[in-house]
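> Coordinates in my_file02.cif, mmCIF, C-alpha atoms and all ligand atoms, are listed below.
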data_work
#
loop_
_atom_site.label_atom_id
_atom_site.label_comp_id
_atom_site.auth_asym_id
_atom_site.auth_seq_id
_atom_site.Cartn_x
_atom_site.Cartn_y
_atom_site.Cartn_z
CA MET A 2 0.00 0.00 0.00
CA THR A 3 1.39 3.44 -0.90
CA PHE A 4 0.75 6.75 0.80
CA LEU A 5 -1.85 7.52 -1.86
CA GLU A 6 -3.92 4.54 -0.87
CA ARG A 7 -6.28 4.56 2.05
CA THR A 8 -7.76 1.72 3.95
CA THR A 9 -11.05 1.68 5.73
CA ASP A 10 -10.42 -1.80 7.07
CA ALA A 11 -8.85 -1.45 10.53
CA ARG A 12 -7.62 -5.05 10.37
CA ARG A 13 -5.17 -4.04 7.64
CA TYR A 14 -3.35 -1.42 9.76
CA ARG A 15 0.17 -2.31 10.76
CA ALA A 16 1.10 -2.23 14.41
CA TRP A 17 4.15 -2.38 16.61
CA GLU A 18 3.90 -4.14 19.88
CA GLY A 19 5.67 -2.65 22.86
CA ASN A 20 5.35 -1.03 26.24
CA MET A 21 4.98 2.65 26.97
CA GLU A 22 5.73 4.01 30.41
CA ALA A 23 2.80 6.01 31.74
CA ASP A 24 3.02 6.87 35.43
CA TYR A 25 0.94 9.76 36.71
CA ILE A 26 0.35 11.35 40.06
CA TYR A 27 -2.81 13.37 40.48
CA THR A 28 -3.20 15.72 43.41
CA SER A 29 -6.52 16.51 45.01
CA GLY A 30 -5.93 20.26 44.58
CA LEU A 31 -6.32 23.08 47.12
CA ALA A 32 -10.03 22.58 47.78
CA GLY A 33 -9.69 18.79 47.71
CA GLN A 34 -6.91 19.02 50.29
CA ARG A 35 -9.18 20.95 52.67
CA PHE A 36 -12.00 18.48 52.02
CA PHE A 37 -9.94 15.36 52.73
CA VAL A 38 -8.16 16.78 55.78
CA ALA A 39 -11.53 17.74 57.33
CA LEU A 40 -12.88 14.31 56.47
CA ARG A 41 -9.88 12.55 58.02
CA ASP A 42 -9.42 14.74 61.11
CA GLU A 43 -13.00 15.75 61.89
CA GLY A 44 -15.09 13.12 60.08
CA ARG A 45 -17.20 15.72 58.32
CA LEU A 46 -17.87 16.98 54.80
CA LEU A 47 -16.92 20.51 53.76
CA ALA A 48 -18.32 22.60 50.93
CA ALA A 49 -16.73 25.70 49.41
CA ARG A 50 -18.84 28.84 49.79
CA CYS A 51 -19.18 31.74 47.40
CA THR A 52 -20.22 34.63 49.62
CA ALA A 53 -21.01 36.80 46.57
CA CYS A 54 -23.51 34.33 45.08
CA GLY A 55 -24.58 32.55 48.27
CA LEU A 56 -23.65 29.19 46.71
CA ASP A 57 -22.02 26.24 48.45
CA TYR A 58 -20.20 23.71 46.27
CA LEU A 59 -19.69 20.00 46.88
CA PRO A 60 -17.15 18.75 46.06
CA PRO A 61 -15.50 22.02 47.06
CA ARG A 62 -13.70 24.01 44.38
CA ILE A 63 -11.55 27.11 44.37
CA PHE A 64 -13.53 29.23 41.92
CA CYS A 65 -17.25 29.98 41.69
CA GLU A 66 -18.87 28.68 38.49
CA GLU A 67 -21.24 31.66 38.41
CA CYS A 68 -19.10 34.72 39.20
CA PHE A 69 -15.55 33.25 38.99
CA ALA A 70 -14.70 34.57 42.46
CA GLU A 71 -11.94 32.77 44.30
CA LEU A 72 -13.47 30.63 47.04
CA THR A 73 -11.61 30.65 50.32
CA GLU A 74 -14.44 29.96 52.77
CA PHE A 75 -15.37 26.40 53.65
CA VAL A 76 -18.55 25.44 55.47
CA PRO A 77 -19.89 22.15 56.85
CA VAL A 78 -22.29 20.25 54.62
CA PRO A 79 -25.70 19.65 56.30
CA PRO A 80 -25.62 16.30 58.13
CA GLU A 81 -28.60 14.89 56.26
CA GLY A 82 -28.70 14.39 52.50
CA GLN A 83 -31.13 12.92 50.01
CA VAL A 84 -30.56 10.15 47.48
CA ALA A 85 -30.91 11.75 44.04
CA SER A 86 -30.22 8.58 42.07
CA LEU A 87 -28.88 5.11 42.65
CA THR A 88 -27.73 1.94 40.97
CA VAL A 89 -27.13 -1.63 42.08
CA ALA A 90 -23.79 -3.26 41.23
CA HIS A 91 -23.80 -7.04 40.91
CA GLN A 92 -20.09 -7.21 40.08
CA ASP A 93 -17.16 -5.55 41.77
CA ARG A 94 -14.51 -3.54 39.89
CA THR A 95 -12.58 -6.73 39.04
CA GLY A 96 -15.62 -8.35 37.49
CA ALA A 97 -16.12 -10.76 40.38
CA LEU A 98 -19.61 -11.37 41.63
CA ALA A 99 -20.51 -8.91 44.39
CA SER A 100 -22.29 -10.81 47.07
CA PRO A 101 -24.39 -9.21 48.33
CA PRO A 102 -24.93 -6.67 45.52
CA GLN A 103 -23.71 -3.16 46.34
CA VAL A 104 -25.91 -0.11 46.12
CA TRP A 105 -24.29 3.15 44.98
CA ALA A 106 -26.00 6.50 45.25
CA PHE A 107 -25.55 10.11 44.26
CA VAL A 108 -26.53 12.15 47.30
CA THR A 109 -27.41 15.83 47.33
CA PHE A 110 -27.67 18.19 50.29
CA LYS A 111 -30.13 21.04 50.79
CA GLY A 112 -28.62 24.36 49.81
CA VAL A 113 -25.51 22.77 48.28
CA ARG A 114 -24.73 22.66 44.56
CA GLY A 115 -23.38 19.28 43.51
CA GLY A 116 -23.29 16.18 45.65
CA LEU A 117 -21.35 13.08 46.41
CA LEU A 118 -21.34 9.59 44.93
CA HIS A 119 -20.72 6.76 47.38
CA ARG A 120 -21.92 3.41 48.63
CA LEU A 121 -25.44 3.34 50.03
CA LEU A 122 -25.54 1.14 53.12
CA ALA A 123 -28.93 -0.35 52.39
CA THR A 124 -30.20 -3.45 50.63
CA PRO A 125 -31.28 -3.06 46.98
CA ASP A 126 -34.89 -3.65 48.04
CA ALA A 127 -34.77 -0.89 50.65
CA ALA A 128 -32.88 1.66 48.50
CA ARG A 129 -34.94 4.26 46.73
CA PRO A 130 -34.48 7.77 45.34
CA GLY A 131 -35.54 10.43 47.78
CA MET A 132 -34.52 8.55 50.90
CA ARG A 133 -32.84 10.60 53.63
CA VAL A 134 -29.29 9.58 54.48
CA HIS A 135 -26.24 10.69 56.42
CA ILE A 136 -22.60 9.73 56.08
CA ARG A 137 -20.99 7.02 58.13
CA VAL A 138 -17.23 7.57 58.46
CA ARG A 139 -14.63 5.08 59.53
CA PRO A 140 -13.24 5.32 63.06
CA ARG A 141 -10.68 8.16 63.41
CA GLU A 142 -7.69 5.79 63.69
CA ALA A 143 -8.68 4.03 60.44
CA ARG A 144 -8.97 7.20 58.33
CA THR A 145 -6.25 7.99 55.81
CA GLY A 146 -7.47 11.15 54.08
CA THR A 147 -9.17 9.52 51.09
CA ILE A 148 -12.76 9.07 49.95
CA ALA A 149 -12.57 5.60 51.51
CA ASP A 150 -12.70 7.32 54.91
CA ILE A 151 -16.42 7.34 54.23
CA GLU A 152 -17.94 3.89 54.70
CA GLY A 153 -21.04 5.04 52.91
CA PHE A 154 -24.39 6.72 53.33
CA GLU A 155 -26.74 5.12 55.78
CA PRO A 156 -30.47 5.69 55.94
CA ALA A 157 -31.49 8.39 58.41
CA ARG A 158 -33.38 7.01 61.38
CA SER A 159 -36.57 8.81 60.40
CA THR A 160 -36.90 6.77 57.19
CA LYS A 161 -36.08 3.31 58.55
ZN ZN A 201 -20.09 33.28 42.95
#
Can you turn what I pasted into structure tokens?


Amino acid sequence: MTFLERTTDARRYRAWEGNMEADYIYTSGLAGQRFFVALRDEGRLLAARCTACGLDYLPPRIFCEECFAELTEFVPVPPEGQVASLTVAHQDRTGALASPPQVWAFVTFKGVRGGLLHRLLATPDAARPGMRVHIRVRPREARTGTIADIEGFEPARSTK
């Protein structure tokens, strides 16, 4: 095949086999750092507040999406959230059967823009959008400053 010829059959492309080094380190950023330190040390969720717009952001960020102001104020997220959506996973991330199935939910909080995706500590039959939940964090000595410091969202007592 010359350079004037084109193929539309991907099976005819030539290929070299080899390895390419690709190591990356991602930081959590300024707002993420505050979020994870508060989660680890105090066991609570923080949102970033834009005082100009009156908006709180979760996950926290360093600039307001509306007015582009730099956000330097962090406020606690209300203790109770609401399941906005959920899904049931029957396999874990390796493809192995998850037994029992895991429920994952996107949870929003009143007055906060955004939300948090995490495990919902309820059976698939009991899980439903709209249910009230709060976070359950690992014991202080087991926390490492990652999202895994949260065990999950558990149903609030009022909805059990
Ligand atoms: Zn703003």

> Using all atoms listed in the file, find the one residue out of A:Arg15, A:Arg35, A:Arg41, A:Arg50 that sits nearest to ligand ZN 201 (chain A).

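Using all atoms listed in the file, ligand ZN 201 (chain A) sits closest to A:Arg50.
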
> Pick from A:Thr145, A:Thr88, A:Thr95, A:Gln83: nearest to A:Gly115, with all atoms listed in the file counted?

A:Gln83

> Taking (-35.8, 6.0, 57.1) in the file's coordinates, which residues come within 12 Å, counting all atoms listed in the file, written as a list of chain:residue names?

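Residues satisfying the cut-off, written out: A:Glu81, A:Gly82, A:Gln83, A:Val84, A:Ala123, A:Ala127, A:Ala128, A:Arg129, A:Pro130, A:Gly131, A:Met132, A:Arg133, A:Val134, A:His135, A:Glu155, A:Pro156, A:Ala157, A:Arg158, A:Ser159, A:Thr160, A:Lys161.
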
> Between A:Ala32, A:Ala85, A:Ala53, A:Ala39, which is the closest to ligand ZN 201 (chain A) once you count all atoms listed in the file?

A:Ala53

> Residues contacting ligand ZN 201 (chain A) - anything with an atom at most 12 Å away, using all atoms listed in the file - can you give me those as a list in words?

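Going residue by residue within 12 Å of ligand ZN 201 (chain A), we get Ala49, Arg50, Cys51, Thr52, Ala53, Cys54, Gly55, Leu56, Asp57, Tyr58, Arg62, Ile63, Phe64, Cys65, Glu66, Glu67, Cys68, Phe69, Ala70, Glu71, Leu72, Thr73, Glu74 and Arg114 of chain A.
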
> Find the residue from A:Ala11, A:Ala143, A:Leu59, A:Val38 that sits nearest to A:Val108; use all atoms listed in the file when measuring.

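When distances to A:Val108 are compared using all atoms listed in the file, the smallest one comes from A:Leu59.
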
> Of the residues A:Arg7, A:Arg144, A:His91, A:Arg12, which is the one nearest to A:Pro125, using all atoms listed in the file?

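Closest residue, counting all atoms listed in the file: A:His91.
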